[in-house]
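Novice: This one is structure.cif, mmCIF, C-alpha atoms and all ligand atoms.
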```cif
data_work
loop_
_atom_site.label_atom_id
_atom_site.label_comp_id
_atom_site.auth_asym_id
_atom_site.auth_seq_id
_atom_site.Cartn_x
_atom_site.Cartn_y
_atom_site.Cartn_z
CA THR D 1 127.75 154.15 148.64
CA ALA D 2 130.96 153.64 146.69
CA SER D 3 129.34 154.69 143.44
CA GLN D 4 127.76 157.75 145.12
CA GLU D 5 131.15 158.80 146.47
CA ALA D 6 132.73 158.31 143.04
CA GLU D 7 129.93 160.22 141.30
CA LYS D 8 130.34 163.10 143.77
CA ARG D 9 133.89 163.41 142.51
CA GLY D 10 132.92 163.00 138.88
CA TRP D 11 134.68 159.63 138.55
CA HIS D 12 133.70 156.39 136.85
CA LEU D 13 133.67 153.35 139.10
CA TYR D 14 133.58 149.71 137.99
CA LEU D 15 133.11 146.33 139.57
CA VAL D 16 135.71 144.06 137.94
CA GLY D 17 137.18 140.56 137.94
CA GLY D 18 135.86 137.54 139.80
CA ALA D 19 132.77 139.22 141.25
CA VAL D 20 131.46 140.10 137.77
CA ARG D 21 132.16 136.55 136.61
CA ASP D 22 130.38 135.08 139.63
CA LEU D 23 127.38 137.40 139.23
CA LEU D 24 127.00 136.37 135.59
CA LEU D 25 127.47 132.70 136.44
CA ALA D 26 124.82 132.94 139.15
CA GLU D 27 122.38 134.26 136.53
CA THR D 28 122.79 131.13 134.45
CA GLU D 29 123.21 128.58 137.20
CA THR D 30 121.17 127.82 140.26
CA GLY D 31 122.61 128.06 143.74
CA THR D 32 123.34 130.87 146.13
CA LEU D 33 125.80 133.56 145.23
CA MET D 34 128.39 134.28 147.89
CA ILE D 35 130.81 137.08 147.19
CA ASN D 36 133.37 137.91 149.88
CA ASP D 37 135.84 139.59 147.64
CA ILE D 38 134.93 142.68 145.66
CA ASP D 39 137.32 144.43 143.28
CA LEU D 40 136.49 148.00 142.37
CA VAL D 41 138.36 150.14 139.89
CA VAL D 42 138.21 153.89 139.41
CA ASP D 43 138.91 154.95 135.83
CA GLY D 44 142.23 156.67 136.27
CA PHE D 45 142.07 158.61 133.03
CA HIS D 46 138.75 160.17 133.71
CA LYS D 47 138.54 163.84 134.68
CA THR D 48 140.21 164.54 138.02
CA ALA D 49 140.89 160.91 138.96
CA SER D 50 144.62 160.56 139.49
CA VAL D 51 146.52 157.39 140.27
CA GLY D 52 145.58 157.87 143.94
CA ALA D 53 141.82 158.02 143.28
CA GLY D 54 141.20 154.47 144.52
CA VAL D 55 142.90 155.27 147.83
CA GLU D 56 140.92 158.51 148.19
CA LEU D 57 137.66 156.64 147.59
CA ALA D 58 138.58 153.98 150.13
CA LYS D 59 139.34 156.67 152.72
CA ALA D 60 135.99 158.34 152.03
CA LEU D 61 134.20 155.01 152.51
CA GLN D 62 136.01 154.32 155.73
CA GLU D 63 134.78 157.66 157.06
CA ILE D 64 131.25 156.34 156.46
CA TYR D 65 131.79 152.71 157.51
CA LYS D 66 133.89 153.17 160.61
CA ASN D 67 133.79 149.44 161.45
CA ALA D 68 135.77 148.66 158.30
CA ARG D 69 139.53 148.39 158.49
CA LEU D 70 141.46 150.34 155.89
CA GLU D 71 144.69 149.07 154.35
CA ILE D 72 146.67 151.07 151.84
CA HIS D 73 149.20 149.43 149.58
CA GLY D 74 151.43 152.28 148.52
CA ALA D 75 153.51 150.61 145.84
CA PHE D 76 150.48 149.74 143.74
CA GLN D 77 148.26 152.62 144.78
CA THR D 78 145.50 150.33 145.91
CA ALA D 79 143.46 150.26 149.07
CA ALA D 80 141.38 147.61 150.75
CA LEU D 81 138.48 147.82 153.14
CA LEU D 82 137.96 144.82 155.34
CA TRP D 83 134.98 143.88 157.41
CA HIS D 84 135.50 141.11 160.01
CA LYS D 85 138.58 139.05 159.53
CA ASP D 86 137.24 136.59 162.06
CA PRO D 87 136.97 133.25 160.20
CA GLU D 88 133.81 132.41 162.15
CA LEU D 89 132.03 135.43 160.71
CA ASN D 90 131.43 136.22 157.09
CA SER D 91 134.13 138.58 156.04
CA LEU D 92 134.13 141.04 153.18
CA TRP D 93 137.12 142.43 151.32
CA VAL D 94 136.69 145.40 149.06
CA ASP D 95 139.78 146.23 147.03
CA ILE D 96 139.79 149.59 145.34
CA ALA D 97 142.34 150.39 142.65
CA THR D 98 142.80 153.02 139.98
CA SER D 99 142.76 151.62 136.47
CA ARG D 100 146.25 151.07 135.29
CA THR D 101 148.47 149.27 132.85
CA GLU D 102 150.78 146.73 134.26
CA PHE D 103 153.57 146.41 131.81
CA TYR D 104 156.24 143.85 132.24
CA PRO D 105 159.75 145.19 131.62
CA TYR D 106 160.70 141.57 131.00
CA PRO D 107 158.92 138.26 131.43
CA ALA D 108 157.89 137.13 134.92
CA ALA D 109 158.82 140.45 136.47
CA ASN D 110 156.82 142.30 139.04
CA PRO D 111 154.23 144.49 137.35
CA GLU D 112 154.76 148.22 137.49
CA VAL D 113 151.96 150.64 137.70
CA GLU D 114 150.82 153.50 135.54
CA ALA D 115 147.48 155.27 135.32
CA SER D 116 145.52 154.24 132.24
CA SER D 117 142.05 153.41 131.03
CA ILE D 118 139.70 150.68 132.20
CA ARG D 119 140.16 148.74 128.96
CA GLN D 120 143.87 148.46 129.54
CA ASP D 121 143.23 147.54 133.14
CA LEU D 122 141.08 144.65 131.97
CA TYR D 123 143.60 143.65 129.30
CA ARG D 124 146.27 142.96 131.92
CA ARG D 125 144.05 140.33 133.55
CA ASP D 126 144.35 136.57 133.20
CA PHE D 127 141.30 135.13 131.41
CA THR D 128 138.43 136.56 129.41
CA ILE D 129 135.93 135.44 132.05
CA ASN D 130 137.87 137.47 134.64
CA ALA D 131 138.29 140.52 132.40
CA MET D 132 134.81 142.01 132.41
CA ALA D 133 133.66 145.12 134.23
CA LEU D 134 130.27 146.31 135.41
CA ARG D 135 129.89 150.08 135.44
CA LEU D 136 128.56 151.26 138.82
CA THR D 137 128.34 154.99 138.16
CA SER D 138 125.91 156.90 135.99
CA PRO D 139 125.40 157.47 133.14
CA ARG D 140 124.97 153.88 131.96
CA ALA D 141 125.29 152.35 135.43
CA GLY D 142 124.78 148.58 135.15
CA GLU D 143 126.42 148.37 131.73
CA LEU D 144 128.69 145.36 131.17
CA LEU D 145 132.07 146.15 129.64
CA ASP D 146 133.21 143.03 127.87
CA PHE D 147 135.99 143.82 125.38
CA PHE D 148 137.39 140.31 125.04
CA GLY D 149 134.38 138.01 124.75
CA GLY D 150 134.24 136.94 128.38
CA PHE D 151 130.46 136.56 128.41
CA LEU D 152 130.51 134.20 125.42
CA ASP D 153 133.28 132.19 127.04
CA LEU D 154 131.27 131.93 130.24
CA GLN D 155 128.37 130.53 128.25
CA ALA D 156 130.63 128.18 126.31
CA LYS D 157 132.43 127.18 129.55
CA GLN D 158 135.86 128.10 128.21
CA ILE D 159 138.99 129.32 129.96
CA ARG D 160 140.65 131.58 127.40
CA ILE D 161 143.75 133.71 127.74
CA LEU D 162 143.80 137.32 126.57
CA HIS D 163 147.10 137.34 124.73
CA ALA D 164 149.72 134.89 123.53
CA ASN D 165 152.44 135.97 125.97
CA SER D 166 150.30 135.76 129.05
CA PHE D 167 151.77 132.56 130.49
CA ILE D 168 155.31 133.62 129.69
CA GLU D 169 154.72 136.86 131.59
CA ASP D 170 153.19 135.04 134.52
CA PRO D 171 153.34 131.22 134.67
CA THR D 172 151.17 131.19 137.79
CA ARG D 173 148.25 131.91 135.47
CA ILE D 174 148.51 128.27 134.38
CA TYR D 175 147.60 127.29 137.94
CA ARG D 176 144.81 129.85 138.02
CA GLY D 177 143.43 128.56 134.71
CA VAL D 178 143.43 125.01 136.02
CA ARG D 179 141.76 126.10 139.24
CA PHE D 180 138.95 127.87 137.41
CA ALA D 181 138.56 125.02 134.91
CA VAL D 182 138.15 122.39 137.62
CA ARG D 183 136.10 124.57 139.93
CA PHE D 184 133.54 125.57 137.31
CA GLY D 185 133.72 122.41 135.20
CA PHE D 186 135.06 124.46 132.25
CA GLU D 187 137.52 123.47 129.54
CA ILE D 188 140.80 125.13 128.80
CA GLU D 189 140.36 126.48 125.28
CA LYS D 190 142.60 124.83 122.62
CA ARG D 191 144.79 127.82 121.79
CA THR D 192 145.16 128.65 125.47
CA GLU D 193 146.34 125.10 126.06
CA GLU D 194 148.90 125.50 123.28
CA TYR D 195 150.18 128.67 124.93
CA ILE D 196 150.49 126.77 128.18
CA HIS D 197 152.61 124.11 126.47
CA TYR D 198 154.68 126.77 124.82
CA ALA D 199 155.35 128.56 128.12
CA ILE D 200 156.26 125.30 129.85
CA ASN D 201 158.54 124.17 127.06
CA SER D 202 160.32 127.49 127.02
CA GLY D 203 161.79 126.66 130.44
CA VAL D 204 159.17 127.65 132.94
CA TYR D 205 161.12 126.34 135.93
CA ASP D 206 164.05 128.64 135.16
CA ARG D 207 161.70 131.56 135.64
CA THR D 208 159.84 130.32 138.68
CA SER D 209 163.04 129.35 140.48
CA GLN D 210 165.56 131.99 139.50
CA LYS D 211 167.12 133.85 142.35
CA ASN D 212 166.94 137.45 141.39
CA SER D 213 165.24 140.43 142.91
CA LYS D 214 162.24 140.21 140.59
CA THR D 215 161.17 136.61 141.12
CA PRO D 216 160.19 136.47 144.80
CA ALA D 217 156.84 138.01 143.88
CA LEU D 218 156.33 135.30 141.28
CA GLN D 219 157.28 132.58 143.75
CA THR D 220 154.90 134.02 146.31
CA ARG D 221 152.13 133.96 143.72
CA LEU D 222 152.95 130.36 142.81
CA LYS D 223 152.74 129.39 146.47
CA THR D 224 149.45 131.24 146.84
CA GLU D 225 147.99 129.51 143.79
CA LEU D 226 149.19 126.14 145.06
CA LYS D 227 147.58 126.90 148.39
CA TYR D 228 144.23 127.72 146.78
CA ILE D 229 144.38 124.51 144.78
CA LEU D 230 145.52 122.28 147.63
CA LEU D 231 142.88 123.49 150.05
CA ALA D 232 139.99 123.16 147.61
CA PRO D 233 137.80 120.04 147.65
CA TYR D 234 138.74 119.44 144.00
CA TRP D 235 142.51 119.52 144.62
CA GLN D 236 143.17 116.04 143.28
CA SER D 237 141.47 116.71 139.95
CA ALA D 238 143.33 120.00 139.69
CA LEU D 239 146.67 118.28 140.31
CA LYS D 240 145.83 115.73 137.60
CA LEU D 241 145.07 118.48 135.12
CA LEU D 242 148.25 120.34 136.05
CA ASP D 243 150.18 117.12 135.52
CA ASN D 244 148.53 116.47 132.14
CA LEU D 245 149.54 119.95 131.06
CA GLY D 246 153.10 119.39 132.30
CA ALA D 247 152.60 122.31 134.68
CA LEU D 248 153.94 120.58 137.77
CA GLN D 249 157.27 121.52 136.20
CA CYS D 250 156.75 125.00 137.64
CA ILE D 251 157.43 123.36 141.00
CA HIS D 252 160.26 121.16 139.73
CA PRO D 253 161.05 119.69 136.29
CA THR D 254 161.09 116.15 137.69
CA LEU D 255 157.74 116.32 139.50
CA LYS D 256 155.20 113.91 137.95
CA LEU D 257 151.92 112.73 139.35
CA ASP D 258 152.68 109.05 138.74
CA SER D 259 150.87 106.12 140.32
CA GLU D 260 153.23 106.02 143.31
CA LEU D 261 152.65 109.69 144.13
CA CYS D 262 148.89 109.17 143.74
CA ARG D 263 149.11 106.26 146.17
CA GLN D 264 150.98 108.40 148.69
CA LEU D 265 148.52 111.27 148.37
CA ASN D 266 145.55 108.93 148.86
CA LEU D 267 147.22 107.46 151.91
CA LEU D 268 147.82 110.96 153.20
CA GLU D 269 144.13 111.81 152.91
CA ARG D 270 143.20 108.76 154.94
CA CYS D 271 145.67 109.66 157.63
CA LEU D 272 144.76 113.37 157.72
CA GLY D 273 141.29 112.27 158.75
CA ARG D 274 142.79 110.29 161.60
CA PHE D 275 145.13 112.91 163.01
CA ASP D 276 143.06 115.97 162.30
CA ARG D 277 142.86 117.50 165.73
CA LYS D 278 146.49 117.05 166.54
CA GLN D 279 147.71 118.57 163.38
CA THR D 280 150.36 121.23 163.52
CA LEU D 281 150.19 122.07 159.82
CA SER D 282 147.05 122.71 157.84
CA ASN D 283 146.02 120.12 155.29
CA TRP D 284 147.13 122.11 152.25
CA GLN D 285 150.60 122.58 153.73
CA ILE D 286 151.13 118.93 154.41
CA ARG D 287 149.83 118.05 150.93
CA LEU D 288 152.41 120.45 149.52
CA GLU D 289 155.14 118.94 151.66
CA ALA D 290 154.13 115.47 150.45
CA LEU D 291 154.55 116.68 146.85
CA ILE D 292 157.97 118.14 147.61
CA GLY D 293 158.91 115.13 149.72
CA TYR D 294 158.28 112.95 146.66
CA LEU D 295 161.15 114.66 144.85
CA LYS D 296 164.66 113.27 145.10
CA PRO D 297 166.25 114.29 148.44
CA GLU D 298 168.71 116.69 146.83
CA TYR D 299 165.93 118.83 145.32
CA ARG D 300 163.61 119.10 148.30
CA ALA D 301 165.12 121.95 150.32
CA LYS D 302 165.72 124.07 147.22
CA VAL D 303 162.14 123.70 146.05
CA ALA D 304 160.84 124.42 149.55
CA LYS D 305 162.96 127.57 149.64
CA ASN D 306 161.83 128.62 146.17
CA LEU D 307 158.25 128.36 147.29
CA GLN D 308 159.12 130.34 150.39
CA LEU D 309 157.87 127.76 152.81
CA ALA D 310 158.35 128.42 156.52
CA ASP D 311 161.75 127.63 158.00
CA ASP D 312 160.47 124.57 159.87
CA SER D 313 159.04 123.12 156.64
CA ILE D 314 162.32 123.69 154.83
CA ALA D 315 164.23 122.04 157.68
CA ARG D 316 161.80 119.11 157.77
CA LEU D 317 162.15 118.49 154.03
CA LYS D 318 165.89 118.93 154.18
CA ASN D 319 166.25 116.34 156.97
CA LEU D 320 163.62 113.96 155.67
CA SER D 321 165.88 111.43 153.98
CA HIS D 322 168.27 111.35 156.92
CA THR D 323 165.41 110.88 159.39
CA GLN D 324 163.83 108.23 157.22
CA ALA D 325 167.09 106.30 156.97
CA GLU D 326 167.40 106.33 160.76
CA ILE D 327 163.84 105.17 161.32
CA ILE D 328 163.98 102.46 158.67
CA THR D 329 167.21 101.10 160.08
CA LEU D 330 166.28 101.18 163.76
CA LEU D 331 162.55 100.39 163.95
CA PRO D 332 162.82 96.75 162.80
CA THR D 333 165.48 96.06 165.43
CA PHE D 334 163.24 97.07 168.37
CA ASP D 335 161.56 94.44 170.52
CA HIS D 336 159.70 96.79 172.87
CA PRO D 337 157.21 99.62 172.22
CA SER D 338 159.17 101.89 174.60
CA GLN D 339 162.12 101.78 172.20
CA THR D 340 159.90 102.90 169.35
CA VAL D 341 158.53 105.73 171.50
CA ASP D 342 162.03 106.85 172.49
CA LEU D 343 163.01 107.08 168.85
CA LEU D 344 159.87 108.58 167.32
CA LYS D 345 159.19 111.18 170.00
CA LYS D 346 162.17 113.13 168.63
CA TYR D 347 160.18 113.96 165.48
CA ASP D 348 157.16 116.13 164.83
CA LEU D 349 153.90 114.80 163.45
CA PRO D 350 154.34 116.04 159.84
CA THR D 351 157.78 114.41 159.64
CA LEU D 352 156.37 111.09 160.79
CA ILE D 353 153.44 111.29 158.38
CA LEU D 354 155.74 112.10 155.44
CA ILE D 355 158.01 109.21 156.31
CA ALA D 356 155.11 106.81 156.79
CA LEU D 357 153.87 107.67 153.27
CA GLN D 358 157.17 106.63 151.76
CA SER D 359 157.89 103.56 153.88
CA SER D 360 157.00 99.89 153.74
CA ARG D 361 153.75 98.73 155.27
CA LYS D 362 155.59 97.28 158.28
CA ILE D 363 157.29 100.56 159.16
CA ARG D 364 154.12 102.51 158.44
CA ARG D 365 152.10 100.33 160.84
CA LYS D 366 154.62 100.97 163.60
CA ILE D 367 154.47 104.73 162.99
CA TRP D 368 150.64 104.70 163.01
CA GLN D 369 150.64 102.64 166.19
CA TYR D 370 152.96 105.14 167.79
CA LEU D 371 150.85 108.12 166.69
CA THR D 372 147.48 106.66 167.59
CA THR D 373 148.33 104.80 170.79
CA TRP D 374 151.80 104.81 172.23
CA ALA D 375 152.43 108.55 171.95
CA ASN D 376 149.41 109.13 174.23
CA VAL D 377 150.35 106.70 177.00
CA GLN D 378 151.02 108.41 180.34
CA PRO D 379 152.89 107.07 183.39
CA LEU D 380 150.33 105.35 185.63
CA LEU D 381 151.31 107.47 188.64
CA THR D 382 151.66 111.23 188.98
CA GLY D 383 154.06 113.37 191.00
CA ASN D 384 151.38 113.61 193.70
CA ASP D 385 151.09 109.82 193.87
CA LEU D 386 154.86 109.64 194.39
CA LYS D 387 154.60 112.17 197.21
CA GLU D 388 151.88 110.09 198.85
CA LEU D 389 154.12 107.04 198.54
CA GLY D 390 156.71 108.92 200.59
CA TYR D 391 159.11 109.97 197.83
CA LYS D 392 160.60 113.39 198.56
CA PRO D 393 160.28 115.80 195.59
CA SER D 394 163.57 115.70 193.73
CA PRO D 395 164.95 115.63 190.20
CA LYS D 396 164.72 111.85 190.53
CA TYR D 397 160.93 112.14 190.04
CA LYS D 398 161.36 112.46 186.31
CA GLN D 399 163.49 109.34 186.12
CA ILE D 400 160.95 107.39 188.19
CA LEU D 401 158.06 108.56 186.00
CA ASP D 402 160.05 107.70 182.86
CA ASP D 403 160.70 104.21 184.20
CA LEU D 404 156.99 103.84 184.94
CA LEU D 405 156.13 104.93 181.43
CA THR D 406 158.55 102.44 179.92
CA ALA D 407 157.09 99.65 182.05
CA THR D 408 153.55 100.67 181.06
CA LEU D 409 154.37 100.81 177.36
CA ASP D 410 156.06 97.45 177.47
CA GLY D 411 153.07 95.86 179.24
CA LEU D 412 154.84 95.15 182.54
CA ILE D 413 152.29 97.10 184.57
CA LYS D 414 148.62 97.75 183.87
CA ASP D 415 147.20 99.83 186.71
CA LYS D 416 148.10 101.98 189.70
CA ALA D 417 148.34 99.03 192.07
CA GLU D 418 150.83 97.27 189.80
CA ALA D 419 152.71 100.56 189.41
CA ARG D 420 153.07 100.87 193.22
CA GLU D 421 154.24 97.28 193.39
CA PHE D 422 156.70 97.94 190.58
CA LEU D 423 158.20 100.83 192.54
CA ALA D 424 158.39 98.85 195.71
P1 LIG I 501 138.35 133.74 143.34
O1 LIG I 501 136.87 133.62 143.35
O2 LIG I 501 139.04 132.43 143.28
O3 LIG I 501 138.91 134.66 144.37
P2 LIG I 501 139.04 135.83 141.53
O4 LIG I 501 138.89 135.92 140.04
O5 LIG I 501 138.32 136.84 142.36
O6 LIG I 501 138.64 134.37 141.91
P3 LIG I 501 141.52 136.82 142.61
O7 LIG I 501 142.79 136.07 142.84
O8 LIG I 501 140.84 137.45 143.76
O9 LIG I 501 140.57 135.81 141.86
O10 LIG I 501 141.83 137.93 141.53
C1 LIG I 501 140.95 138.98 141.21
C2 LIG I 501 141.09 139.35 139.76
O11 LIG I 501 142.42 139.83 139.51
C3 LIG I 501 140.90 138.18 138.79
O12 LIG I 501 139.55 138.00 138.46
C4 LIG I 501 141.73 138.60 137.61
O13 LIG I 501 141.01 139.51 136.81
C5 LIG I 501 142.87 139.37 138.25
N1 LIG I 501 144.07 138.54 138.48
C6 LIG I 501 144.41 137.88 139.60
N2 LIG I 501 145.58 137.24 139.46
C7 LIG I 501 146.01 137.50 138.22
C8 LIG I 501 147.17 137.14 137.48
N3 LIG I 501 148.11 136.35 137.99
N4 LIG I 501 147.27 137.63 136.23
C9 LIG I 501 146.32 138.43 135.71
N5 LIG I 501 145.21 138.78 136.35
C10 LIG I 501 145.04 138.35 137.59
#
```
What is this structure when it is put down as structure tokens?

Specialist:
Amino acid sequence: TASQEAEKRGWHLYLVGGAVRDLLLAETETGTLMINDIDLVVDGFHKTASVGAGVELAKALQEIYKNARLEIHGAFQTAALLWHKDPELNSLWVDIATSRTEFYPYPAANPEVEASSIRQDLYRRDFTINAMALRLTSPRAGELLDFFGGFLDLQAKQIRILHANSFIEDPTRIYRGVRFAVRFGFEIEKRTEEYIHYAINSGVYDRTSQKNSKTPALQTRLKTELKYILLAPYWQSALKLLDNLGALQCIHPTLKLDSELCRQLNLLERCLGRFDRKQTLSNWQIRLEALIGYLKPEYRAKVAKNLQLADDSIARLKNLSHTQAEIITLLPTFDHPSQTVDLLKKYDLPTLILIALQSSRKIRRKIWQYLTTWANVQPLLTGNDLKELGYKPSPKYKQILDDLLTATLDGLIKDKAEAREFLA
């Protein structure tokens, strides 16, 4: 339908980016092809197509597919059609843009938009395998436009950059390259790897952390790429490759995936399995916090802010060393479980997990015991039981129930009968 609507208007329409790559990969590999994300581009230089052609096409399609939601992104003159955002259902995103050049007024700036040809549109993309287009409109519908050797690179399993400055312009492409390499089992081509080293050595962190009006977009992209990596099943291999390339420096110059950090991350995986249902943060977020929490205390909040984490994450990472000091000092002095509960209940689950990762086995055991057992213990009697026992409802109820809980935790009472006796 999209190509018919474009043809009606005399425009050229192309399928571009990841969907073309995945279609070609599916031809050579076995397995089912699942595309939820389709990028379409209208050739903005062709005939009557202006910079707003993509938006016009999206509006025309929405007239036909009324169950699709239409989103228009004014600044970049792109539109998206979305079917079912419900995670339980298969969703489909169709992004429609007008071919454009994104030129960078200076490195790592936000791209600005200008109508241009499809070739230039493809040239602004990250890797050759992502820079192919499939023409959808006649004449020559079905033709593959491959100006940069993407098809050969797909066959040779290579991740290759399009131009030498690519990583300087946008360091988050390093993360994208690593993600594609690990996901497809490809190699990062030699030259491309040299360009990565060059970009990193030219002070990548200064660009990903600078506070000026142009970098928030870059920081958002870095966070998005980190998210994609940290929620993928291959996240550990991707982190290793990022570390080998020195690319963890985009997060902070001192971040290294050394054996201690690997140990903490492995421990985290084991404990995420245990506390899954109770979790307040998703797994990728807590993995990211564990990485940031591994930095020296004075860097943590700044890095969390740079990556635009939520306020509660920033606060957690900021307070982590203080909280840890308190827990490490007090826990060993406690004789009764109720004391541990009184202390640890002040903190949320992610804080306790992060501290457990960094603490001695003895402290960690206590924290696990609290999380798995003690935190779930309830007073043996309820408010109703107290009423039945003749207590008049009053603010004292809470104190009585707290006392019961303490006695239960500390093993002084084991059932309702003992609880009643205890009160008597
Ligand atoms: P995935 O299957 O992981 O979604 P994708 O290639 O579709 O892979 P997207 O992030 O959806 O990834 O990006 C769509 C296309 O936009 C890419 O194929 C690439 O051509 C281009 N692109 C995305 N991010 C960048 C970037 N930082 N620099 C240059 N081009 C990019």

Novice: Write out as a list in words the residues lying within 9 Å of region 64-80 of chain D, counting only C-alpha atoms and excluding same-chain residues fewer than 2 positions away.

Specialist: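 Here the qualifying residues turn out to be Thr1, Val51, Gly52, Ala53, Gly54, Val55, Glu56, Leu57, Ala58, Lys59, Ala60, Leu61, Gln62, Leu82, Trp83, His84, Trp93, Val94, Asp95, Ile96, Ala97, Thr98, Glu112 and Val113 of chain D.
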
Novice: Would you mind listing what lies within 9 Å of Gln308 (chain D) as number ranges by chain, with only C-alpha atoms counted and same-chain residues fewer than 5 positions away left out?

Specialist: D: 216, 219-220, 223, 303, 314

Novice: Counting all atoms listed in the file, which residue out of D:Thr128, D:Gln264, D:Ser3, D:Thr192 sits closest to ligand LIG 501 (chain I)?

Specialist: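 Among the listed residues, D:Thr128 lies closest to ligand LIG 501 (chain I).
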
Novice: Using only C-alpha atoms and all ligand atoms, find the one residue out of D:Ala141, D:Ile174, D:Ala419, D:Leu230 that sits nearest to ligand LIG 501 (chain I).

Specialist: D:Ile174

Novice: Between D:Asp146, D:Asp243, D:Asp153, D:Asp121, single out the one closest to ligand LIG 501 (chain I), counting all atoms listed in the file.

Specialist: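 The shortest atom-to-atom distance to ligand LIG 501 (chain I) comes from D:Asp121.
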
Novice: What residues have an atom no more than 12 Å from (161.2, 100.9, 168.5) in the file's own frame, counting only C-alpha atoms, and can you write them as a PyMOL selection string?

Specialist: chain D and resi 326-345+363+365-367+369-370+374+406+409-410

Novice: Using only C-alpha atoms and all ligand atoms, find each protein or nucleic acid residue lying at most 9 Å from ligand LIG 501 (chain I); present the set as an mmCIF file with C-alpha atoms, keeping the file's coordinate frame.

Specialist:
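Written out: pocket_31.cif:
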```cif
data_model
loop_
_atom_site.group_PDB
_atom_site.id
_atom_site.type_symbol
_atom_site.label_atom_id
_atom_site.label_comp_id
_atom_site.auth_asym_id
_atom_site.auth_seq_id
_atom_site.Cartn_x
_atom_site.Cartn_y
_atom_site.Cartn_z
ATOM 1 C CA VAL D 16 135.710 144.060 137.940
ATOM 2 C CA GLY D 17 137.180 140.560 137.940
ATOM 3 C CA GLY D 18 135.860 137.540 139.800
ATOM 4 C CA ALA D 19 132.770 139.220 141.250
ATOM 5 C CA VAL D 20 131.460 140.100 137.770
ATOM 6 C CA ARG D 21 132.160 136.550 136.610
ATOM 7 C CA ASP D 22 130.380 135.080 139.630
ATOM 8 C CA ILE D 35 130.810 137.080 147.190
ATOM 9 C CA ASN D 36 133.370 137.910 149.880
ATOM 10 C CA ASP D 37 135.840 139.590 147.640
ATOM 11 C CA ILE D 38 134.930 142.680 145.660
ATOM 12 C CA ASP D 39 137.320 144.430 143.280
ATOM 13 C CA LEU D 122 141.080 144.650 131.970
ATOM 14 C CA TYR D 123 143.600 143.650 129.300
ATOM 15 C CA ARG D 124 146.270 142.960 131.920
ATOM 16 C CA ARG D 125 144.050 140.330 133.550
ATOM 17 C CA ASP D 126 144.350 136.570 133.200
ATOM 18 C CA PHE D 127 141.300 135.130 131.410
ATOM 19 C CA THR D 128 138.430 136.560 129.410
ATOM 20 C CA ILE D 129 135.930 135.440 132.050
ATOM 21 C CA ASN D 130 137.870 137.470 134.640
ATOM 22 C CA ALA D 131 138.290 140.520 132.400
ATOM 23 C CA MET D 132 134.810 142.010 132.410
ATOM 24 C CA SER D 166 150.300 135.760 129.050
ATOM 25 C CA PHE D 167 151.770 132.560 130.490
ATOM 26 C CA GLU D 169 154.720 136.860 131.590
ATOM 27 C CA ASP D 170 153.190 135.040 134.520
ATOM 28 C CA PRO D 171 153.340 131.220 134.670
ATOM 29 C CA THR D 172 151.170 131.190 137.790
ATOM 30 C CA ARG D 173 148.250 131.910 135.470
ATOM 31 C CA ILE D 174 148.510 128.270 134.380
ATOM 32 C CA ARG D 176 144.810 129.850 138.020
ATOM 33 C CA ARG D 179 141.760 126.100 139.240
ATOM 34 C CA PHE D 180 138.950 127.870 137.410
ATOM 35 C CA LEU D 218 156.330 135.300 141.280
ATOM 36 C CA ARG D 221 152.130 133.960 143.720
ATOM 37 C CA GLU D 225 147.990 129.510 143.790
ATOM 38 C CA TYR D 228 144.230 127.720 146.780
#
```

Novice: Would you kindly return, as a PyMOL selection string, each protein, DNA or RNA residue with an atom no farther than 12 Å from any atom of Glu269 (chain D), considering all atoms listed in the file and excluding same-chain residues fewer than 6 positions away?

Specialist: chain D and resi 230+233+235-236+262-263+275-276+283-284+286-287+290+353-354+357

Novice: Grab the CA of Leu248 (chain D) to CA of Gly177 (chain D) distance for me, in Å with one decimal place.

Specialist: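 We find that CA of Leu248 (chain D) and CA of Gly177 (chain D) lie 13.5 Å from each other.
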
Novice: Record the distance separating CA of Leu317 (chain D) and CA of Lys302 (chain D), expressed in Å with one decimal.

Specialist: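 Calculated distance between CA of Leu317 (chain D) and CA of Lys302 (chain D) is 9.5 Å.
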
Novice: Quick one, how far is CA of Ala356 (chain D) from CA of Lys414 (chain D)?

Specialist: 29.3 Å

Novice: What lies within 10 Å of Gln285 (chain D) using only C-alpha atoms, ignoring chain neighbours under 5 positions off, as a list in words?

Specialist: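 Residues near the query, excluding close chain neighbours: Leu226, Lys227, Leu230, Leu231, Thr280, Ala290, Leu291, Leu309, Ser313 and Pro350 of chain D.
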